2 protein chains.
Amino acid sequence: MIDILIVEDNKELADVLCDFLRAEQYTVSIAQNAEKGLALYEKYGARLVVLDLMLPGKDGYYVLEKVRGGSNTPVLIVSAKTAKDDKLTGLDLGADDYIEKPYDIDIMLAKIRGIFKRRYSLDELIDGNLRINKSNRTIIKGDTEMEMTGKEFELLTLLIENRGRTLSKEYLFNTIWGSDSDSEQQTLTVHIKRLREKIEKDPKKPQKIVTVWGVGYKYL
Amino acid sequence: MIDILIVEDNKELADVLCDFLRAEQYTVSIAQNAEKGLALYEKYGARLVVLDLMLPGKDGYYVLEKVRGGSNTPVLIVSAKTAKDDKLTGLDLGADDYIEKPYDIDIMLAKIRGIFKRRYSLDELIDGNLRINKSNRTIIKGDTEMEMTGKEFELLTLLIENRGRTLSKEYLFNTIWGSDSDSEQQTLTVHIKRLREKIEKDPKKPQKIVTVWGVGYKYL
DNA sequence: GAGAAAGATTAAAAAATCATGACAAATATA
DNA sequence: TATATTTGTCATGATTTTTTAATCTTTCTC
């Protein structure tokens with residue numbers, strides 16, 4: 001599943017937007033015409049389609065209809081036309097929003113963030129490397145979802161929420177297991193180890209989950 | 001519950017909009033300042049807040065924060081300001097959309113219809129594979145209608161409405177059976193199993209209704 | 001550098017959770 | 001009422017996660 005599918009024939013414009021979006025950790029694909037856009041959409045699916053209405057060949061409405069006809073995928077329309085009718089048709093067809101060309105990149109990004117927030121209620125934690133979605137309980141590294149067990153998920157989330165801060169083993173243990181737990185603190189190190197295997201490039205030399213000797217761990 | 005709460009100090013403008021909306025069968029209330037708006041909102045609730053940012057006394061941001069802080073209620077911002085920053089702040093605070101004053105009433109109505117359509121009238125739920133029609137309680141897979149029992153229908157609908165999000169077993173159970181039900185949560189897993197047999201290609205390896213260990217299930 | 005303490009690693013046992021099938025109970029339908 | 005359908009319960013086995021425990025490695029202190 002692609003995060004954002006940009007259907008736009010102006011390659012330069014699409015590339016700029018793409019760069020900004022990737023910097024925000026979205027996975028992005030670009031299609032330069034309606035057919036290619038639909039093909040990508042049907043093959044991979046997308047969480048948001050950013051759709052230029054003016055396209056060579058089949059125009060944007062074609063894509064809009066197909067996308068909205070078969071799903072609830074949000075669509076953000078980009079339109080150079082300023083005629084009122086165009087906006088109306090787009091909105092009536094179920095587009096989530098529209099923006100006029102030329103657009104301000106900051107506003108575009110805000111709109112996109114807004115759509116994601118509303119639609120996927122992205123209760124997200126992001127750190128260059130990982131994207132943690134608490135409500136979906138997913139962790140995405142690059143563009144692949146990682147399998148995490150319950151304890152692993154809680155532990156990683158706790159660490160990342162306190163990024164840069166050292167958390168003592170007692171604190172980690174009490175927060176996740178509860179201070180009245182029967183388990184041994186030893187189990188914490190085992191979980192840390194498993195986490196490292198999943199998220200570190202070289203688990204032998206952890207760069208993310210760092211040991212603070214005699215105290216605990218911190219996430220960098 | 002009010003359908004649409006208009007917070008707008010220009011009484012004439014608000015009345016015009018109100019008339020149009022009532023003609024479309026929405027129930028509408030008007031508040032002429034932030035405090036009254038919030039009071040109405042807190043007393044009755046609203047399905048959409050149409051919010052002017054420039055208000056006498058406390059401004060629109062105050063309302064926006066309060067409304068979005070405690071709910072997912074959509075907010076449509078009306079702003080006479082054209083400064084880019086205002087739009088951004090509104091969108092970042094979680095407004096669903098904004099429109100500039102003076103606005104065209106048709107576009108305003110289209111935006112409002114769009115918000116309602118996306119947010120509430122999800123009468124038809126579609127996901128590439130299945131088409132669910134809530135009003136006739138039918139589920140169509142490909143081009144054949146599937147037989148679903150009441151509980152199965154509710155469960156599947158709930159899952160699909162929250163597609164991608166993990167729903168805990170408690171939540172699923174309480175939502176469908178009610179928190180005061182005598183049944184065992186165990187019965188949920190049985191229903192999940194029956195659903196899988198109906199909608200999964202290979203019920204042994206569920207691709208759609210996925211279990212999230214120790215938590216619940218999610219629909220993909 | 002030796003020894004002690006803390007942490008890492010590994011494999012296997014233990015515990016928790018889920019899936020399943022068969023059947024009973026409840027409910028709807030004829 | 002009889003029958004069919006739906007829903008709930010339970011026991012069992014399978015699967016996944018978590019914990020334990022034994023051993024190895026690293027770091028710190030003297």
# chains A, B, ... in the order shown; residues from 1 in each chain; ligands from 1
>>> residues_around(residues="range 3-19 of chain C", least_positions_apart="5", cutoff="8 Å", atoms="only C-alpha atoms (C1' of nucleotides)", output="PyMOL selection string")
(chain A and resi 189+193+213-214) or (chain B and resi 189+193+213-214) or (chain D and resi 14-20+24-27)
>>> write_last_selection(atoms="C-alpha atoms (C1' of nucleotides)", output="PDB file, in the first residue's frame")
ATOM      1  CA  THR A 189      16.896  -7.534  28.522  1.00  0.00           C
ATOM      2  CA  LYS A 193      17.459  -7.953  22.486  1.00  0.00           C
ATOM      3  CA  TRP A 213      25.426   1.097  31.789  1.00  0.00           C
ATOM      4  CA  GLY A 214      24.165   0.564  35.279  1.00  0.00           C
TER       5      GLY A 214
ATOM      6  CA  THR B 189     -13.686 -15.501  18.425  1.00  0.00           C
ATOM      7  CA  LYS B 193     -14.139 -17.648  12.709  1.00  0.00           C
ATOM      8  CA  TRP B 213      -2.193 -10.938  19.260  1.00  0.00           C
ATOM      9  CA  GLY B 214      -3.155 -10.031  22.764  1.00  0.00           C
TER      10      GLY B 214
ATOM     11  C1'  DA D  14      -2.473 -25.505  18.091  1.00  0.00           C
ATOM     12  C1'  DT D  15       0.096 -21.403  17.974  1.00  0.00           C
ATOM     13  C1'  DT D  16       2.398 -17.463  19.638  1.00  0.00           C
ATOM     14  C1'  DT D  17       4.359 -14.921  23.173  1.00  0.00           C
ATOM     15  C1'  DT D  18       6.688 -14.506  27.399  1.00  0.00           C
ATOM     16  C1'  DT D  19       9.589 -16.059  30.932  1.00  0.00           C
ATOM     17  C1'  DT D  20      13.224 -18.628  32.883  1.00  0.00           C
ATOM     18  C1'  DC D  24      28.822 -16.110  27.315  1.00  0.00           C
ATOM     19  C1'  DT D  25      30.492 -11.307  26.654  1.00  0.00           C
ATOM     20  C1'  DT D  26      31.391  -6.674  27.822  1.00  0.00           C
ATOM     21  C1'  DT D  27      32.423  -3.071  30.983  1.00  0.00           C
TER      22       DT D  27
END
>>> closest_atom_pairs(of="chain A", to="chain D", cutoff="12 Å", atoms="only C-alpha atoms (C1' of nucleotides)", output="CSV")
residue,atom,partner,partner_atom,distance
A:Met148,CA,D:DT17,C1',10.4
A:Thr149,CA,D:DT17,C1',7.1
A:Gly150,CA,D:DT17,C1',8.3
A:Lys151,CA,D:DT18,C1',8.6
A:Glu152,CA,D:DT17,C1',10.2
A:Trp177,CA,D:DT18,C1',11.4
A:Ser181,CA,D:DT19,C1',11.9
A:Asp182,CA,D:DT19,C1',10.1
A:Ser183,CA,D:DT19,C1',7.1
A:Glu184,CA,D:DT19,C1',8.1
A:Gln185,CA,D:DT19,C1',10.2
A:Gln186,CA,D:DT20,C1',8.9
A:Thr187,CA,D:DT19,C1',6.5
A:Leu188,CA,D:DT19,C1',9.9
A:Thr189,CA,D:DT19,C1',11.5
A:Val190,CA,D:DT19,C1',9.4
A:His191,CA,D:DT18,C1',9.2
A:Arg194,CA,D:DT18,C1',11.9
A:Lys204,CA,D:DT25,C1',11.6
A:Thr211,CA,D:DT27,C1',11.4
A:Val212,CA,D:DT27,C1',11.2
A:Trp213,CA,D:DT27,C1',8.2
A:Gly214,CA,D:DT27,C1',10.0
>>> write_last_selection(atoms="N, CA and C atoms", output="PDB file, in the first residue's frame")
ATOM      1  N   MET A 148       5.340  -7.033  15.406  1.00  0.00           N
ATOM      2  CA  MET A 148       5.767  -6.791  16.777  1.00  0.00           C
ATOM      3  C   MET A 148       4.804  -7.491  17.727  1.00  0.00           C
ATOM      4  N   THR A 149       5.344  -8.100  18.738  1.00  0.00           N
ATOM      5  CA  THR A 149       4.475  -8.696  19.743  1.00  0.00           C
ATOM      6  C   THR A 149       4.027  -7.585  20.689  1.00  0.00           C
ATOM      7  N   GLY A 150       3.076  -7.898  21.532  1.00  0.00           N
ATOM      8  CA  GLY A 150       2.522  -6.895  22.435  1.00  0.00           C
ATOM      9  C   GLY A 150       3.571  -6.193  23.279  1.00  0.00           C
ATOM     10  N   LYS A 151       4.370  -6.982  23.979  1.00  0.00           N
ATOM     11  CA  LYS A 151       5.379  -6.398  24.858  1.00  0.00           C
ATOM     12  C   LYS A 151       6.402  -5.598  24.058  1.00  0.00           C
ATOM     13  N   GLU A 152       6.784  -6.104  22.926  1.00  0.00           N
ATOM     14  CA  GLU A 152       7.749  -5.384  22.092  1.00  0.00           C
ATOM     15  C   GLU A 152       7.189  -4.027  21.681  1.00  0.00           C
ATOM     16  N   TRP A 177       5.367  -3.876  32.881  1.00  0.00           N
ATOM     17  CA  TRP A 177       4.930  -5.108  33.556  1.00  0.00           C
ATOM     18  C   TRP A 177       4.098  -4.814  34.806  1.00  0.00           C
ATOM     19  N   SER A 181       4.461  -7.144  39.332  1.00  0.00           N
ATOM     20  CA  SER A 181       4.638  -8.314  38.482  1.00  0.00           C
ATOM     21  C   SER A 181       5.542  -9.357  39.128  1.00  0.00           C
ATOM     22  N   ASP A 182       5.271 -10.592  38.789  1.00  0.00           N
ATOM     23  CA  ASP A 182       6.074 -11.673  39.333  1.00  0.00           C
ATOM     24  C   ASP A 182       7.337 -11.913  38.526  1.00  0.00           C
ATOM     25  N   SER A 183       7.323 -11.383  37.292  1.00  0.00           N
ATOM     26  CA  SER A 183       8.447 -11.670  36.410  1.00  0.00           C
ATOM     27  C   SER A 183       9.736 -11.040  36.930  1.00  0.00           C
ATOM     28  N   GLU A 184      10.802 -11.550  36.419  1.00  0.00           N
ATOM     29  CA  GLU A 184      12.115 -11.022  36.752  1.00  0.00           C
ATOM     30  C   GLU A 184      12.464  -9.901  35.786  1.00  0.00           C
ATOM     31  N   GLN A 185      13.239  -8.944  36.285  1.00  0.00           N
ATOM     32  CA  GLN A 185      13.646  -7.856  35.401  1.00  0.00           C
ATOM     33  C   GLN A 185      14.468  -8.373  34.233  1.00  0.00           C
ATOM     34  N   GLN A 186      15.035  -9.519  34.443  1.00  0.00           N
ATOM     35  CA  GLN A 186      15.852 -10.154  33.420  1.00  0.00           C
ATOM     36  C   GLN A 186      15.113 -10.229  32.076  1.00  0.00           C
ATOM     37  N   THR A 187      13.822 -10.426  32.186  1.00  0.00           N
ATOM     38  CA  THR A 187      13.048 -10.586  30.959  1.00  0.00           C
ATOM     39  C   THR A 187      13.105  -9.335  30.092  1.00  0.00           C
ATOM     40  N   LEU A 188      13.346  -8.207  30.731  1.00  0.00           N
ATOM     41  CA  LEU A 188      13.463  -6.959  29.989  1.00  0.00           C
ATOM     42  C   LEU A 188      14.618  -7.015  28.983  1.00  0.00           C
ATOM     43  N   THR A 189      15.739  -7.507  29.423  1.00  0.00           N
ATOM     44  CA  THR A 189      16.896  -7.534  28.522  1.00  0.00           C
ATOM     45  C   THR A 189      16.651  -8.450  27.338  1.00  0.00           C
ATOM     46  N   VAL A 190      15.867  -9.486  27.589  1.00  0.00           N
ATOM     47  CA  VAL A 190      15.551 -10.382  26.478  1.00  0.00           C
ATOM     48  C   VAL A 190      14.686  -9.653  25.457  1.00  0.00           C
ATOM     49  N   HIS A 191      13.749  -8.887  25.949  1.00  0.00           N
ATOM     50  CA  HIS A 191      12.886  -8.143  25.037  1.00  0.00           C
ATOM     51  C   HIS A 191      13.679  -7.071  24.288  1.00  0.00           C
ATOM     52  N   ARG A 194      15.409  -8.679  21.468  1.00  0.00           N
ATOM     53  CA  ARG A 194      14.544  -9.009  20.325  1.00  0.00           C
ATOM     54  C   ARG A 194      14.180  -7.754  19.545  1.00  0.00           C
ATOM     55  N   LYS A 204      24.221  -6.175  16.640  1.00  0.00           N
ATOM     56  CA  LYS A 204      25.380  -6.352  17.522  1.00  0.00           C
ATOM     57  C   LYS A 204      25.901  -4.991  17.987  1.00  0.00           C
ATOM     58  N   THR A 211      22.382   1.038  25.308  1.00  0.00           N
ATOM     59  CA  THR A 211      22.488   0.670  26.714  1.00  0.00           C
ATOM     60  C   THR A 211      23.180   1.778  27.497  1.00  0.00           C
ATOM     61  N   VAL A 212      22.595   2.163  28.612  1.00  0.00           N
ATOM     62  CA  VAL A 212      23.259   3.107  29.498  1.00  0.00           C
ATOM     63  C   VAL A 212      23.660   2.305  30.728  1.00  0.00           C
ATOM     64  N   TRP A 213      24.914   2.056  30.809  1.00  0.00           N
ATOM     65  CA  TRP A 213      25.426   1.097  31.789  1.00  0.00           C
ATOM     66  C   TRP A 213      25.048   1.422  33.218  1.00  0.00           C
ATOM     67  N   GLY A 214      24.520   0.423  33.876  1.00  0.00           N
ATOM     68  CA  GLY A 214      24.165   0.564  35.279  1.00  0.00           C
ATOM     69  C   GLY A 214      22.836   1.266  35.487  1.00  0.00           C
TER      70      GLY A 214
END
>>> closest_residue(among="B:Val215, B:Leu38, B:Ile112, B:Val49", to="chain C", atoms="only C-alpha atoms (C1' of nucleotides)")
B:Val215
>>> calpha_fit_rmsd(fixed="chain B", moving="chain A")
14.0 Å
>>> select_by_dssp(residues="chain B", states="strand (DSSP E or B)", output="PyMOL selection string")
chain B and resi 2-7+28-31+46-52+75-79+97-100+124-127+130-133+138-141+144-146+167-168+209-212+216-219
>>> write_last_selection(atoms="N, CA and C atoms", output="compact mmCIF listing (two decimals), in the first residue's frame")
# COMPACT_ATOMS: atom_id res chain seq x y z
N ILE B 2 -27.38 18.72 17.20
CA ILE B 2 -27.59 19.63 16.07
C ILE B 2 -26.82 19.09 14.86
N ASP B 3 -27.36 19.24 13.68
CA ASP B 3 -26.59 18.84 12.50
C ASP B 3 -25.44 19.81 12.28
N ILE B 4 -25.81 21.08 12.18
CA ILE B 4 -24.79 22.08 11.85
C ILE B 4 -24.88 23.25 12.81
N LEU B 5 -23.77 23.56 13.44
CA LEU B 5 -23.70 24.71 14.33
C LEU B 5 -22.88 25.80 13.63
N ILE B 6 -23.54 26.93 13.38
CA ILE B 6 -22.85 28.04 12.72
C ILE B 6 -22.41 29.04 13.77
N VAL B 7 -21.12 29.28 13.85
CA VAL B 7 -20.62 30.29 14.78
C VAL B 7 -20.14 31.47 13.94
N VAL B 28 -30.17 23.28 12.06
CA VAL B 28 -29.10 24.28 12.16
C VAL B 28 -29.30 25.15 13.38
N SER B 29 -28.21 25.50 14.05
CA SER B 29 -28.26 26.51 15.10
C SER B 29 -27.19 27.55 14.84
N ILE B 30 -27.49 28.77 15.27
CA ILE B 30 -26.53 29.86 15.05
C ILE B 30 -26.10 30.43 16.39
N ALA B 31 -24.81 30.66 16.54
CA ALA B 31 -24.30 31.37 17.71
C ALA B 31 -23.51 32.55 17.21
N ALA B 46 -22.84 18.67 18.06
CA ALA B 46 -23.10 19.03 16.67
C ALA B 46 -22.36 18.07 15.77
N ARG B 47 -22.91 17.89 14.60
CA ARG B 47 -22.25 16.98 13.66
C ARG B 47 -21.25 17.73 12.78
N LEU B 48 -21.43 19.04 12.71
CA LEU B 48 -20.47 19.87 11.98
C LEU B 48 -20.53 21.27 12.57
N VAL B 49 -19.36 21.87 12.75
CA VAL B 49 -19.31 23.26 13.21
C VAL B 49 -18.76 24.11 12.07
N VAL B 50 -19.54 25.10 11.65
CA VAL B 50 -19.07 26.06 10.65
C VAL B 50 -18.62 27.28 11.43
N LEU B 51 -17.34 27.54 11.38
CA LEU B 51 -16.76 28.46 12.34
C LEU B 51 -16.07 29.65 11.69
N ASP B 52 -16.58 30.84 12.00
CA ASP B 52 -15.89 32.06 11.57
C ASP B 52 -14.73 32.31 12.51
N VAL B 75 -14.91 20.43 11.61
CA VAL B 75 -15.03 21.88 11.69
C VAL B 75 -14.68 22.47 10.33
N LEU B 76 -15.54 23.32 9.85
CA LEU B 76 -15.28 24.01 8.59
C LEU B 76 -15.04 25.47 8.93
N ILE B 77 -13.85 25.94 8.61
CA ILE B 77 -13.47 27.29 8.99
C ILE B 77 -13.84 28.30 7.91
N VAL B 78 -14.44 29.39 8.34
CA VAL B 78 -14.75 30.49 7.45
C VAL B 78 -13.83 31.63 7.87
N SER B 79 -13.08 32.17 6.91
CA SER B 79 -12.14 33.19 7.31
C SER B 79 -12.10 34.34 6.34
N ASP B 97 -11.66 21.74 6.79
CA ASP B 97 -11.60 22.49 5.56
C ASP B 97 -11.70 23.97 5.92
N TYR B 98 -11.40 24.81 4.97
CA TYR B 98 -11.66 26.22 5.22
C TYR B 98 -12.18 26.84 3.93
N ILE B 99 -12.84 27.95 4.09
CA ILE B 99 -13.36 28.66 2.93
C ILE B 99 -13.19 30.14 3.23
N GLU B 100 -12.88 30.90 2.18
CA GLU B 100 -12.64 32.31 2.41
C GLU B 100 -13.89 33.15 2.22
N GLU B 124 -22.88 3.15 2.13
CA GLU B 124 -22.22 2.09 1.40
C GLU B 124 -20.76 2.06 1.79
N LEU B 125 -20.35 0.94 2.29
CA LEU B 125 -18.96 0.75 2.63
C LEU B 125 -18.37 -0.12 1.55
N ILE B 126 -17.28 0.32 1.01
CA ILE B 126 -16.72 -0.46 -0.08
C ILE B 126 -15.26 -0.73 0.20
N ASP B 127 -14.82 -1.93 -0.05
CA ASP B 127 -13.39 -2.17 0.01
C ASP B 127 -13.03 -3.17 -1.05
N LEU B 130 -15.38 -6.24 -0.99
CA LEU B 130 -16.76 -6.32 -0.51
C LEU B 130 -17.49 -5.00 -0.67
N ARG B 131 -18.78 -5.10 -0.86
CA ARG B 131 -19.61 -3.91 -0.84
C ARG B 131 -20.70 -4.10 0.19
N ILE B 132 -20.70 -3.22 1.16
CA ILE B 132 -21.66 -3.37 2.25
C ILE B 132 -22.67 -2.25 2.18
N ASN B 133 -23.91 -2.62 2.14
CA ASN B 133 -24.96 -1.63 2.16
C ASN B 133 -25.67 -1.71 3.49
N THR B 138 -27.04 -5.68 3.21
CA THR B 138 -26.56 -6.70 2.29
C THR B 138 -25.05 -6.56 2.11
N ILE B 139 -24.44 -7.67 1.84
CA ILE B 139 -23.01 -7.68 1.58
C ILE B 139 -22.79 -8.39 0.27
N ILE B 140 -22.11 -7.69 -0.63
CA ILE B 140 -21.90 -8.27 -1.95
C ILE B 140 -20.42 -8.48 -2.19
N LYS B 141 -20.08 -9.69 -2.54
CA LYS B 141 -18.70 -10.04 -2.81
C LYS B 141 -18.63 -10.37 -4.29
N THR B 144 -21.94 -11.56 -6.23
CA THR B 144 -22.95 -12.37 -5.57
C THR B 144 -23.17 -11.88 -4.15
N GLU B 145 -24.42 -11.90 -3.76
CA GLU B 145 -24.75 -11.45 -2.43
C GLU B 145 -24.47 -12.56 -1.42
N MET B 146 -23.94 -12.16 -0.28
CA MET B 146 -23.62 -13.17 0.71
C MET B 146 -24.65 -13.17 1.83
N LEU B 167 -8.87 -3.08 16.55
CA LEU B 167 -9.94 -2.92 17.53
C LEU B 167 -9.78 -4.00 18.59
N SER B 168 -9.79 -3.59 19.84
CA SER B 168 -9.59 -4.57 20.91
C SER B 168 -10.81 -5.47 21.01
N ILE B 209 -9.38 -10.33 7.78
CA ILE B 209 -9.61 -10.17 9.21
C ILE B 209 -8.42 -10.76 9.93
N VAL B 210 -7.55 -9.89 10.36
CA VAL B 210 -6.28 -10.32 10.90
C VAL B 210 -6.30 -10.22 12.43
N THR B 211 -5.78 -11.22 13.10
CA THR B 211 -5.74 -11.12 14.55
C THR B 211 -4.49 -10.38 14.99
N VAL B 212 -4.67 -9.50 15.94
CA VAL B 212 -3.55 -8.79 16.53
C VAL B 212 -3.39 -9.38 17.93
N GLY B 216 -6.68 -7.73 19.69
CA GLY B 216 -7.97 -7.91 19.05
C GLY B 216 -7.82 -8.27 17.59
N TYR B 217 -8.59 -7.57 16.75
CA TYR B 217 -8.56 -7.85 15.33
C TYR B 217 -8.54 -6.57 14.53
N LYS B 218 -8.08 -6.67 13.29
CA LYS B 218 -8.21 -5.54 12.39
C LYS B 218 -8.55 -6.03 11.00
N TYR B 219 -9.21 -5.18 10.26
CA TYR B 219 -9.58 -5.51 8.89
C TYR B 219 -8.61 -4.83 7.95
>>> atom_distance(atom1="CA of Asp9 in chain A", atom2="CA of Leu55 in chain A")
6.2 Å
>>> select_by_dssp(residues="range 3-163 of chain B", states="helix (DSSP H, G or I)", output="ChimeraX atom specification")
/B:11-23,34-44,60-70,84-92,105-119,150-161
>>> atom_distance(atom1="CA of Pro102 in chain B", atom2="CA of Ala39 in chain B")
26.7 Å
